[in-house]
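Below is structure.tsv, holding TSV, C-alpha atoms and all ligand atoms.
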```tsv
chain	number	residue	atom	x	y	z
A	41	MET	CA	-4.19	-14.93	-17.13
A	42	TYR	CA	-3.22	-11.36	-16.34
A	43	SER	CA	-6.49	-9.99	-17.68
A	44	LEU	CA	-8.39	-12.48	-15.55
A	45	LEU	CA	-6.57	-11.23	-12.48
A	46	LEU	CA	-7.23	-7.67	-13.49
A	47	LEU	CA	-10.90	-8.45	-13.94
A	48	ALA	CA	-11.00	-10.01	-10.48
A	49	VAL	CA	-9.57	-6.82	-9.00
A	50	LEU	CA	-11.87	-4.54	-10.96
A	51	SER	CA	-14.88	-6.59	-9.95
A	52	ASN	CA	-14.13	-6.49	-6.24
A	53	PRO	CA	-17.32	-4.89	-4.86
A	54	TRP	CA	-16.12	-4.62	-1.25
A	55	PRO	CA	-14.16	-1.34	-1.33
A	56	ALA	CA	-17.20	0.47	-2.76
A	57	GLN	CA	-19.44	-0.43	0.19
A	58	THR	CA	-20.49	2.60	2.19
A	59	THR	CA	-22.90	1.25	4.80
A	60	ARG	CA	-22.35	-1.19	7.62
A	61	ALA	CA	-24.14	-4.53	7.51
A	62	PRO	CA	-26.85	-4.19	10.17
A	63	GLY	CA	-27.13	-6.56	13.10
A	64	VAL	CA	-25.01	-7.54	16.05
A	65	ALA	CA	-21.28	-7.46	15.45
A	66	ASP	CA	-20.31	-10.78	13.89
A	67	PRO	CA	-17.09	-11.70	12.09
A	68	ILE	CA	-17.93	-14.16	9.34
A	69	GLY	CA	-15.46	-16.57	7.76
A	70	SER	CA	-11.69	-16.39	8.10
A	71	TYR	CA	-9.20	-13.54	8.32
A	72	SER	CA	-8.34	-14.01	4.62
A	73	ALA	CA	-11.80	-14.93	3.28
A	74	GLY	CA	-14.52	-13.27	5.27
A	75	CYS	CA	-16.54	-10.18	6.07
A	76	LEU	CA	-17.97	-8.32	9.06
A	77	GLN	CA	-21.52	-7.66	10.17
A	78	GLY	CA	-22.11	-4.73	12.53
A	79	SER	CA	-18.78	-2.97	12.14
A	80	VAL	CA	-17.75	0.02	14.26
A	81	ALA	CA	-15.55	2.91	13.10
A	82	MET	CA	-12.37	3.79	14.96
A	83	PRO	CA	-12.89	7.42	16.09
A	84	ALA	CA	-10.96	9.64	13.68
A	85	HIS	CA	-9.56	12.14	16.18
A	86	SER	CA	-7.61	11.53	19.35
A	87	PRO	CA	-4.60	13.04	21.09
A	88	ASP	CA	-3.26	9.47	21.47
A	89	TYR	CA	-3.16	8.34	17.83
A	90	GLN	CA	-3.66	9.26	14.18
A	91	LEU	CA	-5.27	7.18	11.43
A	92	LEU	CA	-3.18	6.63	8.30
A	93	ARG	CA	-4.52	6.91	4.75
A	94	PRO	CA	-8.06	7.87	5.85
A	95	GLN	CA	-9.01	8.20	2.17
A	96	ASN	CA	-9.00	4.38	1.92
A	97	ARG	CA	-11.76	4.04	4.54
A	98	ARG	CA	-10.14	1.04	6.20
A	99	HIS	CA	-10.61	1.98	9.84
A	100	TYR	CA	-13.55	-0.20	10.77
A	101	GLY	CA	-13.55	-3.29	12.92
A	102	HIS	CA	-15.33	-5.59	15.30
A	103	PRO	CA	-16.07	-3.77	18.60
A	104	ASN	CA	-13.41	-5.98	20.23
A	105	LEU	CA	-10.81	-4.52	17.87
A	106	ILE	CA	-11.86	-0.93	18.61
A	107	ARG	CA	-11.80	-1.63	22.35
A	108	TYR	CA	-8.43	-3.35	22.09
A	109	LEU	CA	-6.90	-0.41	20.20
A	110	GLN	CA	-8.36	2.10	22.64
A	111	HIS	CA	-6.80	0.19	25.53
A	112	LEU	CA	-3.50	-0.09	23.71
A	113	VAL	CA	-3.24	3.61	22.93
A	114	SER	CA	-3.99	4.53	26.53
A	115	ALA	CA	-1.52	1.92	27.88
A	116	ALA	CA	1.09	3.33	25.49
A	117	ARG	CA	0.42	6.86	26.71
A	118	LYS	CA	0.70	5.78	30.35
A	119	ALA	CA	4.00	4.04	29.54
A	120	GLY	CA	5.33	7.34	28.18
A	121	LEU	CA	5.23	6.43	24.48
A	122	PRO	CA	4.41	9.04	21.85
A	123	PRO	CA	1.04	8.91	20.02
A	124	LEU	CA	0.61	5.90	17.72
A	125	LEU	CA	0.02	5.68	13.97
A	126	ILE	CA	-2.75	3.23	13.09
A	127	GLY	CA	-2.76	1.78	9.58
A	128	ASP	CA	-5.24	-0.55	7.91
A	129	MET	CA	-7.98	-2.22	9.91
A	130	ALA	CA	-11.01	-3.42	7.90
A	131	MET	CA	-13.51	-1.84	5.51
A	132	ILE	CA	-17.07	-1.02	6.57
A	133	LYS	CA	-18.37	-4.50	5.67
A	134	GLY	CA	-14.96	-6.16	5.84
A	135	GLY	CA	-14.13	-8.27	2.78
A	136	PRO	CA	-11.03	-8.27	0.58
A	137	PHE	CA	-9.06	-5.07	-0.06
A	138	SER	CA	-8.41	-4.07	-3.66
A	139	SER	CA	-4.70	-3.72	-2.94
A	140	GLY	CA	-2.18	-4.60	-0.29
A	141	HIS	CA	-2.56	-7.54	2.03
A	142	ARG	CA	-4.95	-10.42	1.84
A	143	SER	CA	-6.24	-10.62	5.39
A	144	HIS	CA	-7.99	-7.83	7.34
A	145	GLN	CA	-11.31	-9.19	6.04
A	146	SER	CA	-13.28	-10.02	9.19
A	147	GLY	CA	-12.63	-6.96	11.34
A	148	LEU	CA	-10.13	-8.57	13.72
A	149	ASP	CA	-6.83	-7.40	12.15
A	150	ALA	CA	-5.04	-4.05	12.52
A	151	ASP	CA	-1.69	-2.66	11.39
A	152	LEU	CA	0.26	-0.38	13.71
A	153	TRP	CA	3.32	1.52	12.59
A	154	PHE	CA	6.64	1.41	14.38
A	155	ARG	CA	6.98	5.09	13.57
A	156	PHE	CA	5.20	7.31	16.08
A	157	ALA	CA	3.04	10.37	15.48
A	158	GLN	CA	5.76	12.64	16.84
A	159	PRO	CA	5.49	15.28	15.59
A	160	ARG	CA	1.87	14.84	14.57
A	161	LEU	CA	1.33	14.39	10.86
A	162	SER	CA	-0.56	16.90	8.71
A	163	ASN	CA	-3.62	15.72	6.79
A	164	LYS	CA	-1.54	15.57	3.67
A	165	GLN	CA	1.13	13.47	5.36
A	166	LEU	CA	-1.54	11.13	6.70
A	167	GLN	CA	-2.78	10.55	3.17
A	168	GLN	CA	0.69	9.69	1.87
A	169	PRO	CA	2.72	8.75	4.91
A	170	GLN	CA	6.41	7.91	4.84
A	171	ALA	CA	7.15	4.56	6.41
A	172	LEU	CA	10.20	4.06	8.58
A	173	ASP	CA	12.02	0.82	7.76
A	174	MET	CA	13.20	-1.01	10.89
A	175	VAL	CA	15.28	-3.63	9.04
A	176	ALA	CA	18.63	-3.15	7.30
A	177	ALA	CA	19.89	-4.99	4.23
A	178	ASN	CA	21.84	-7.42	6.42
A	179	ASN	CA	18.58	-8.60	7.99
A	180	ARG	CA	19.29	-6.98	11.33
A	181	VAL	CA	17.16	-4.28	12.90
A	182	VAL	CA	18.31	-0.69	12.47
A	183	SER	CA	19.20	0.07	16.06
A	184	LYS	CA	18.58	3.80	15.71
A	185	ALA	CA	15.04	3.14	14.47
A	186	PHE	CA	14.09	0.06	16.49
A	187	SER	CA	14.59	1.34	20.01
A	188	ARG	CA	13.22	0.40	23.41
A	189	GLN	CA	10.07	2.32	22.54
A	190	GLN	CA	9.18	-0.05	19.69
A	191	ALA	CA	9.99	-3.12	21.80
A	192	LEU	CA	7.81	-1.78	24.62
A	193	LEU	CA	4.94	-1.10	22.23
A	194	LEU	CA	5.12	-4.69	20.96
A	195	GLN	CA	5.13	-6.03	24.51
A	196	LEU	CA	2.07	-3.95	25.41
A	197	ALA	CA	0.34	-5.00	22.18
A	198	ALA	CA	1.03	-8.72	22.70
A	199	SER	CA	0.10	-8.84	26.38
A	200	ALA	CA	-3.67	-8.52	25.94
A	201	PRO	CA	-5.41	-11.90	26.20
A	202	GLU	CA	-7.65	-11.24	23.18
A	203	VAL	CA	-4.60	-11.10	20.88
A	204	ASP	CA	-4.17	-14.29	18.87
A	205	ARG	CA	-0.83	-13.36	17.28
A	206	ILE	CA	1.24	-10.44	15.99
A	207	PHE	CA	3.27	-10.52	12.79
A	208	VAL	CA	6.67	-8.81	12.57
A	209	HIS	CA	9.66	-9.15	10.25
A	210	PRO	CA	11.88	-12.07	11.39
A	211	ALA	CA	14.72	-9.62	12.13
A	212	ILE	CA	12.46	-7.87	14.63
A	213	LYS	CA	11.48	-11.13	16.31
A	214	GLN	CA	15.16	-11.99	16.55
A	215	ALA	CA	16.01	-8.63	18.11
A	216	LEU	CA	13.25	-9.10	20.69
A	217	CYS	CA	14.53	-12.59	21.49
A	218	GLU	CA	18.03	-11.20	22.07
A	219	GLN	CA	16.95	-8.18	24.10
A	220	SER	CA	14.09	-9.43	26.26
A	221	ARG	CA	14.80	-10.12	29.90
A	222	GLY	CA	12.46	-11.38	32.57
A	223	ASP	CA	9.00	-12.44	31.47
A	224	ARG	CA	9.20	-13.84	27.95
A	225	GLN	CA	5.66	-15.22	27.77
A	226	TRP	CA	4.48	-12.42	25.51
A	227	LEU	CA	7.17	-13.28	22.92
A	228	ARG	CA	5.22	-16.40	22.00
A	229	LYS	CA	2.56	-14.36	20.23
A	230	ILE	CA	5.12	-12.43	18.17
A	231	ARG	CA	5.33	-14.38	14.93
A	232	PRO	CA	7.94	-13.87	12.19
A	233	TRP	CA	6.59	-13.04	8.74
A	234	PHE	CA	8.26	-11.18	5.89
A	235	GLY	CA	7.00	-7.70	5.10
A	236	HIS	CA	6.13	-6.04	8.43
A	237	ARG	CA	9.37	-4.03	8.39
A	238	ALA	CA	7.74	-0.70	9.12
A	239	HIS	CA	4.55	-1.87	10.82
A	240	PHE	CA	3.31	-4.82	12.83
A	241	HIS	CA	0.05	-6.62	12.34
A	242	VAL	CA	-2.15	-7.49	15.31
A	243	ARG	CA	-4.68	-10.29	14.94
A	244	LEU	CA	-7.37	-10.83	17.56
A	245	ARG	CA	-8.94	-14.19	18.37
A	246	CYS	CA	-12.45	-14.99	17.26
A	247	PRO	CA	-14.73	-13.40	19.89
A	248	ALA	CA	-16.53	-15.73	22.31
A	249	GLY	CA	-19.76	-16.98	20.78
A	250	ALA	CA	-18.86	-15.87	17.23
A	251	LEU	CA	-19.90	-19.13	15.63
A	252	ALA	CA	-19.29	-18.05	12.03
A	253	CYS	CA	-15.70	-16.94	12.74
A	254	THR	CA	-13.01	-19.38	11.56
A	255	PRO	CA	-10.03	-19.45	13.95
A	256	GLN	CA	-6.43	-19.99	12.91
A	257	LYS	CA	-4.45	-22.99	14.08
A	258	PRO	CA	-3.06	-22.35	17.57
A	259	ILE	CA	0.55	-21.19	17.69
A	260	PRO	CA	3.12	-23.65	19.07
A	261	TRP	CA	4.26	-23.53	22.69
A	262	GLY	CA	7.45	-21.76	23.67
A	263	ASP	CA	8.78	-18.29	22.90
A	264	GLY	CA	9.53	-19.18	19.24
A	265	CYS	CA	13.09	-17.88	19.54
A	266	GLN	CA	14.73	-21.11	18.37
A	267	GLU	CA	12.82	-21.30	15.11
A	268	VAL	CA	13.29	-17.69	14.07
A	269	ALA	CA	16.80	-18.43	12.76
A	270	SER	CA	15.32	-20.70	10.08
A	271	TRP	CA	13.75	-17.65	8.42
A	272	PHE	CA	17.20	-16.47	7.38
A	273	ASP	CA	18.26	-19.79	5.78
A	274	GLY	CA	15.82	-20.00	2.90
A	275	PRO	CA	14.99	-17.56	0.15
A	276	THR	CA	14.75	-14.07	1.52
A	277	GLU	CA	12.10	-11.56	1.00
A	278	VAL	CA	10.36	-10.98	-2.29
A	279	THR	CA	10.89	-7.32	-2.93
A	280	SER	CA	8.71	-6.87	-6.00
A	281	HIS	CA	5.04	-6.07	-5.51
A	282	PRO	CA	2.99	-9.24	-5.28
A	283	LYS	CA	0.51	-9.76	-8.11
A	284	PRO	CA	-3.07	-9.09	-7.10
A	285	SER	CA	-4.64	-12.35	-6.07
A	286	PRO	CA	-8.08	-13.37	-7.30
A	287	LEU	CA	-10.95	-12.77	-4.91
A	288	PRO	CA	-11.31	-15.60	-2.41
A	289	ALA	CA	-14.56	-17.55	-2.24
A	290	LEU	CA	-16.44	-15.90	0.60
A	291	PRO	CA	-19.12	-17.43	2.82
A	292	ALA	CA	-22.70	-17.13	1.52
A	293	ARG	CA	-23.64	-14.73	4.31
A	294	CYS	CA	-20.98	-12.32	3.04
A	295	MET	CA	-22.35	-12.42	-0.48
A	296	GLN	CA	-25.88	-11.72	0.82
A	297	MET	CA	-24.55	-8.69	2.65
A	298	LEU	CA	-23.51	-7.08	-0.63
A	299	GLY	CA	-27.07	-6.76	-1.90
A	300	HIS	CA	-28.03	-4.38	0.91
A	401	ZN	ZN	-1.77	-6.19	8.18
```

Represent the structure contained in this file as structure tokens.
Ligand SMILES: [Zn+2]
Amino acid sequence: MYSLLLLAVLSNPWPAQTTRAPGVADPIGSYSAGCLQGSVAMPAHSPDYQLLRPQNRRHYGHPNLIRYLQHLVSAARKAGLPPLLIGDMAMIKGGPFSSGHRSHQSGLDADLWFRFAQPRLSNKQLQQPQALDMVAANNRVVSKAFSRQQALLLQLAASAPEVDRIFVHPAIKQALCEQSRGDRQWLRKIRPWFGHRAHFHVRLRCPAGALACTPQKPIPWGDGCQEVASWFDGPTEVTSHPKPSPLPALPARCMQMLGH
């Protein structure tokens, strides 16, 4: 069984792709079993952000994702936040990563760190960055780390209409539920999910007219603050590294993309 899994990882052709799939930008399949035609690279240099682990070449996305991130970094700057650290987006043709998370396949997902680029990181630090854990062992946020700046960044990130949902650790959702005053509409899109202790994961909706893009089920109404408590009842987080999962079955159009 283990060797089969290993084989599946070794035979993942997606990380080795070096050219974009030509044609209009088109996310194909689902977030966890898909690929991306017509990807765009996030510009590597900006005073407003830095790209983490550039050696992994995971900073491509649908143009909507690039535009969204550009808006977010400028809104963050205008709100007085320090420059952002942008983690994984998608690979040049999308598809499954060889390691790490399962989604990020169709160019509509991006990870943003709670830690800011202040001071700016050196190239070496960008290649092997130190994450800043926002959650303590008692499943509460670390108040020194998770400050108003992080809460503001999440509010800015969730407020754009093209955002489908944002994943954060349940302790972070709970802290936002306790702290947020006034408009709580944006809290609805903040969804609890284990992991996501040092970064949050933004997922955009399928773009209008993207017929090959598989949407996720809509999120329930309400701010989701009642249900977050249930995350602390059951088994808590798996701390060991998850086993690599076999490659998902991808749509035929994705497989055709690989030949070119
Ligand atoms: Zn992610």

Item to check | Of the listed residues A:Ala84, A:Cys217, A:Val113, A:Leu148, that which approaches Pro255 in chain A most closely, counting all atoms listed in the file | outcome: A:Leu148

Any idea what's packed within 12 Å of Gln219 in chain A, counting all atoms listed in the file, ignoring anything in its chain fewer than 2 positions away? Could you give it as an mmCIF file with C-alpha atoms, in the frame of the given file?
```
data_model
loop_
_atom_site.group_PDB
_atom_site.id
_atom_site.type_symbol
_atom_site.label_atom_id
_atom_site.label_comp_id
_atom_site.auth_asym_id
_atom_site.auth_seq_id
_atom_site.Cartn_x
_atom_site.Cartn_y
_atom_site.Cartn_z
ATOM 1 C CA VAL A 181 17.160 -4.280 12.900
ATOM 2 C CA SER A 183 19.200 0.070 16.060
ATOM 3 C CA PHE A 186 14.090 0.060 16.490
ATOM 4 C CA SER A 187 14.590 1.340 20.010
ATOM 5 C CA ARG A 188 13.220 0.400 23.410
ATOM 6 C CA ALA A 191 9.990 -3.120 21.800
ATOM 7 C CA LEU A 192 7.810 -1.780 24.620
ATOM 8 C CA ILE A 212 12.460 -7.870 14.630
ATOM 9 C CA LYS A 213 11.480 -11.130 16.310
ATOM 10 C CA GLN A 214 15.160 -11.990 16.550
ATOM 11 C CA ALA A 215 16.010 -8.630 18.110
ATOM 12 C CA LEU A 216 13.250 -9.100 20.690
ATOM 13 C CA CYS A 217 14.530 -12.590 21.490
ATOM 14 C CA ARG A 221 14.800 -10.120 29.900
ATOM 15 C CA GLY A 222 12.460 -11.380 32.570
ATOM 16 C CA ASP A 223 9.000 -12.440 31.470
ATOM 17 C CA ARG A 224 9.200 -13.840 27.950
ATOM 18 C CA LEU A 227 7.170 -13.280 22.920
ATOM 19 C CA CYS A 265 13.090 -17.880 19.540
#
```

Checklist entry - Please, which residues have at least one atom within 10 Å of an atom of ligand ZN 401 (chain A), using only C-alpha atoms and all ligand atoms, listed as a count of residues only? => result 23

Checklist entry - What is the CA of Gln95 in chain A-CA of Phe137 in chain A distance in Å, reported with one decimal? => result 13.5 Å

Item to check | Contacts of Leu92 in chain A within 12 Å, all atoms listed in the file, excl. fewer than 3 positions in-chain, as JSON, numbers by chain | outcome: {"A": [82, 84, 85, 89, 95, 96, 97, 98, 99, 124, 125, 126, 127, 128, 129, 150, 151, 152, 153, 155, 156, 157, 160, 161, 162, 163, 164, 165, 166, 167, 168, 169, 170, 171, 239]}

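Using all atoms listed in the file, the smallest distance between any of A:Pro201, A:Gly120, A:Pro258, A:Gly69 and Ala289 in chain A comes from A:Gly69.
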
Checklist entry - Pick the closest to Met297 in chain A from A:Lys133, A:His102, A:His209, A:Arg180: which is it, counting all atoms listed in the file? => result A:Lys133

Provide an axis-aligned box for all listed atoms of range 66-79 of chain A, padding each side by 3 Å; report its centre and its edge lengths in Å to one decimal, as JSON.
```
{"center_x": -15.2, "center_y": -9.8, "center_z": 8.6, "size_x": 19.8, "size_y": 19.6, "size_z": 16.6}
```

Next on the checklist: Set the distance at 6 Å and use only C-alpha atoms: which residues neighbour Arg237 in chain A once local chain neighbours fewer than 5 positions away are removed? I'd like the list as a count of residues only.
Outcome noted: 4

Next on the checklist: Taking (-20.7, -2.6, 0.9) as a centre in this file's frame and 8 Å as the limit, can you find every polymer residue with an atom that close, using all atoms listed in the file, and give them as an MDAnalysis selection string?
Outcome noted: chainID A and resid 53:61 132:133 297:298 300

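Here CA of Asp273 in chain A stands at a distance of 28.7 Å from CA of Val203 in chain A.
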
Item to check | Test item: residues at most 12 Å from Pro83 in chain A, all atoms listed in the file, excluding those fewer than 3 positions along its chain, as a PyMOL selection string | outcome: chain A and resi 80+86-91+94+99-101+103+106-107+109-110+126

Item to check | Cut-off 9 Å around (-14.5, -14.6, 11.0) with all atoms listed in the file: residues as a PyMOL selection string | outcome: chain A and resi 66-76+145-148+246-247+250-255

Export of prior selection with C-alpha atoms as a CSV table (one decimal), in the coordinates of the input:
```csv
chain,number,residue,atom,x,y,z
A,66,ASP,CA,-20.3,-10.8,13.9
A,67,PRO,CA,-17.1,-11.7,12.1
A,68,ILE,CA,-17.9,-14.2,9.3
A,69,GLY,CA,-15.5,-16.6,7.8
A,70,SER,CA,-11.7,-16.4,8.1
A,71,TYR,CA,-9.2,-13.5,8.3
A,72,SER,CA,-8.3,-14.0,4.6
A,73,ALA,CA,-11.8,-14.9,3.3
A,74,GLY,CA,-14.5,-13.3,5.3
A,75,CYS,CA,-16.5,-10.2,6.1
A,76,LEU,CA,-18.0,-8.3,9.1
A,145,GLN,CA,-11.3,-9.2,6.0
A,146,SER,CA,-13.3,-10.0,9.2
A,147,GLY,CA,-12.6,-7.0,11.3
A,148,LEU,CA,-10.1,-8.6,13.7
A,246,CYS,CA,-12.4,-15.0,17.3
A,247,PRO,CA,-14.7,-13.4,19.9
A,250,ALA,CA,-18.9,-15.9,17.2
A,251,LEU,CA,-19.9,-19.1,15.6
A,252,ALA,CA,-19.3,-18.0,12.0
A,253,CYS,CA,-15.7,-16.9,12.7
A,254,THR,CA,-13.0,-19.4,11.6
A,255,PRO,CA,-10.0,-19.4,14.0
```

Checklist entry - Which is closer to Trp271 in chain A than all the others in A:Pro288, A:Gly63, A:Pro232, A:Gly249, using all atoms listed in the file? => result A:Pro232

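What separates CA of Pro210 in chain A from CA of Trp233 in chain A is a distance of 6.0 Å.
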
Generate N, CA, C and O atoms for range 173-191 of chain A and emit them as a short mmCIF file (atom, residue, chain, number, x, y, z; two decimals), keeping the file's coordinate frame.
```
data_model
loop_
_atom_site.label_atom_id
_atom_site.label_comp_id
_atom_site.auth_asym_id
_atom_site.auth_seq_id
_atom_site.Cartn_x
_atom_site.Cartn_y
_atom_site.Cartn_z
N ASP A 173 11.60 2.22 7.84
CA ASP A 173 12.02 0.82 7.76
C ASP A 173 12.87 0.47 8.98
O ASP A 173 13.84 1.15 9.28
N MET A 174 12.49 -0.60 9.67
CA MET A 174 13.20 -1.01 10.89
C MET A 174 14.31 -2.02 10.60
O MET A 174 15.04 -2.40 11.50
N VAL A 175 14.38 -2.51 9.35
CA VAL A 175 15.28 -3.63 9.04
C VAL A 175 16.29 -3.22 7.98
O VAL A 175 15.92 -2.68 6.94
N ALA A 176 17.57 -3.50 8.25
CA ALA A 176 18.63 -3.15 7.30
C ALA A 176 18.83 -4.28 6.31
O ALA A 176 18.28 -5.38 6.45
N ALA A 177 19.67 -4.02 5.30
CA ALA A 177 19.89 -4.99 4.23
C ALA A 177 20.52 -6.28 4.75
O ALA A 177 20.33 -7.35 4.18
N ASN A 178 21.22 -6.21 5.86
CA ASN A 178 21.84 -7.42 6.42
C ASN A 178 20.89 -8.22 7.30
O ASN A 178 21.31 -9.11 8.04
N ASN A 179 19.59 -7.88 7.21
CA ASN A 179 18.58 -8.60 7.99
C ASN A 179 18.75 -8.45 9.50
O ASN A 179 18.41 -9.35 10.27
N ARG A 180 19.27 -7.33 9.91
CA ARG A 180 19.29 -6.98 11.33
C ARG A 180 18.45 -5.71 11.50
O ARG A 180 18.31 -4.94 10.57
N VAL A 181 17.93 -5.52 12.72
CA VAL A 181 17.16 -4.28 12.90
C VAL A 181 18.10 -3.08 12.88
O VAL A 181 19.27 -3.18 13.26
N VAL A 182 17.57 -1.97 12.43
CA VAL A 182 18.31 -0.69 12.47
C VAL A 182 18.21 -0.18 13.89
O VAL A 182 17.13 0.21 14.34
N SER A 183 19.33 -0.18 14.62
CA SER A 183 19.20 0.07 16.06
C SER A 183 18.74 1.50 16.36
O SER A 183 18.07 1.73 17.36
N LYS A 184 19.05 2.42 15.48
CA LYS A 184 18.58 3.80 15.71
C LYS A 184 17.06 3.89 15.59
O LYS A 184 16.42 4.71 16.23
N ALA A 185 16.49 3.07 14.70
CA ALA A 185 15.04 3.14 14.47
C ALA A 185 14.29 2.25 15.45
O ALA A 185 13.29 2.64 16.04
N PHE A 186 14.77 1.01 15.61
CA PHE A 186 14.09 0.06 16.49
C PHE A 186 14.67 0.18 17.89
O PHE A 186 15.62 -0.49 18.26
N SER A 187 14.05 1.04 18.69
CA SER A 187 14.59 1.34 20.01
C SER A 187 13.75 0.64 21.06
O SER A 187 12.85 -0.15 20.75
N ARG A 188 14.01 0.97 22.31
CA ARG A 188 13.22 0.40 23.41
C ARG A 188 11.75 0.77 23.29
O ARG A 188 10.87 0.05 23.76
N GLN A 189 11.48 1.90 22.68
CA GLN A 189 10.07 2.32 22.54
C GLN A 189 9.28 1.32 21.68
O GLN A 189 8.16 0.96 22.01
N GLN A 190 9.88 0.89 20.57
CA GLN A 190 9.18 -0.05 19.69
C GLN A 190 9.02 -1.41 20.38
O GLN A 190 7.98 -2.06 20.27
N ALA A 191 10.07 -1.83 21.09
CA ALA A 191 9.99 -3.12 21.80
C ALA A 191 8.91 -3.07 22.88
O ALA A 191 8.13 -4.02 23.05
#
```
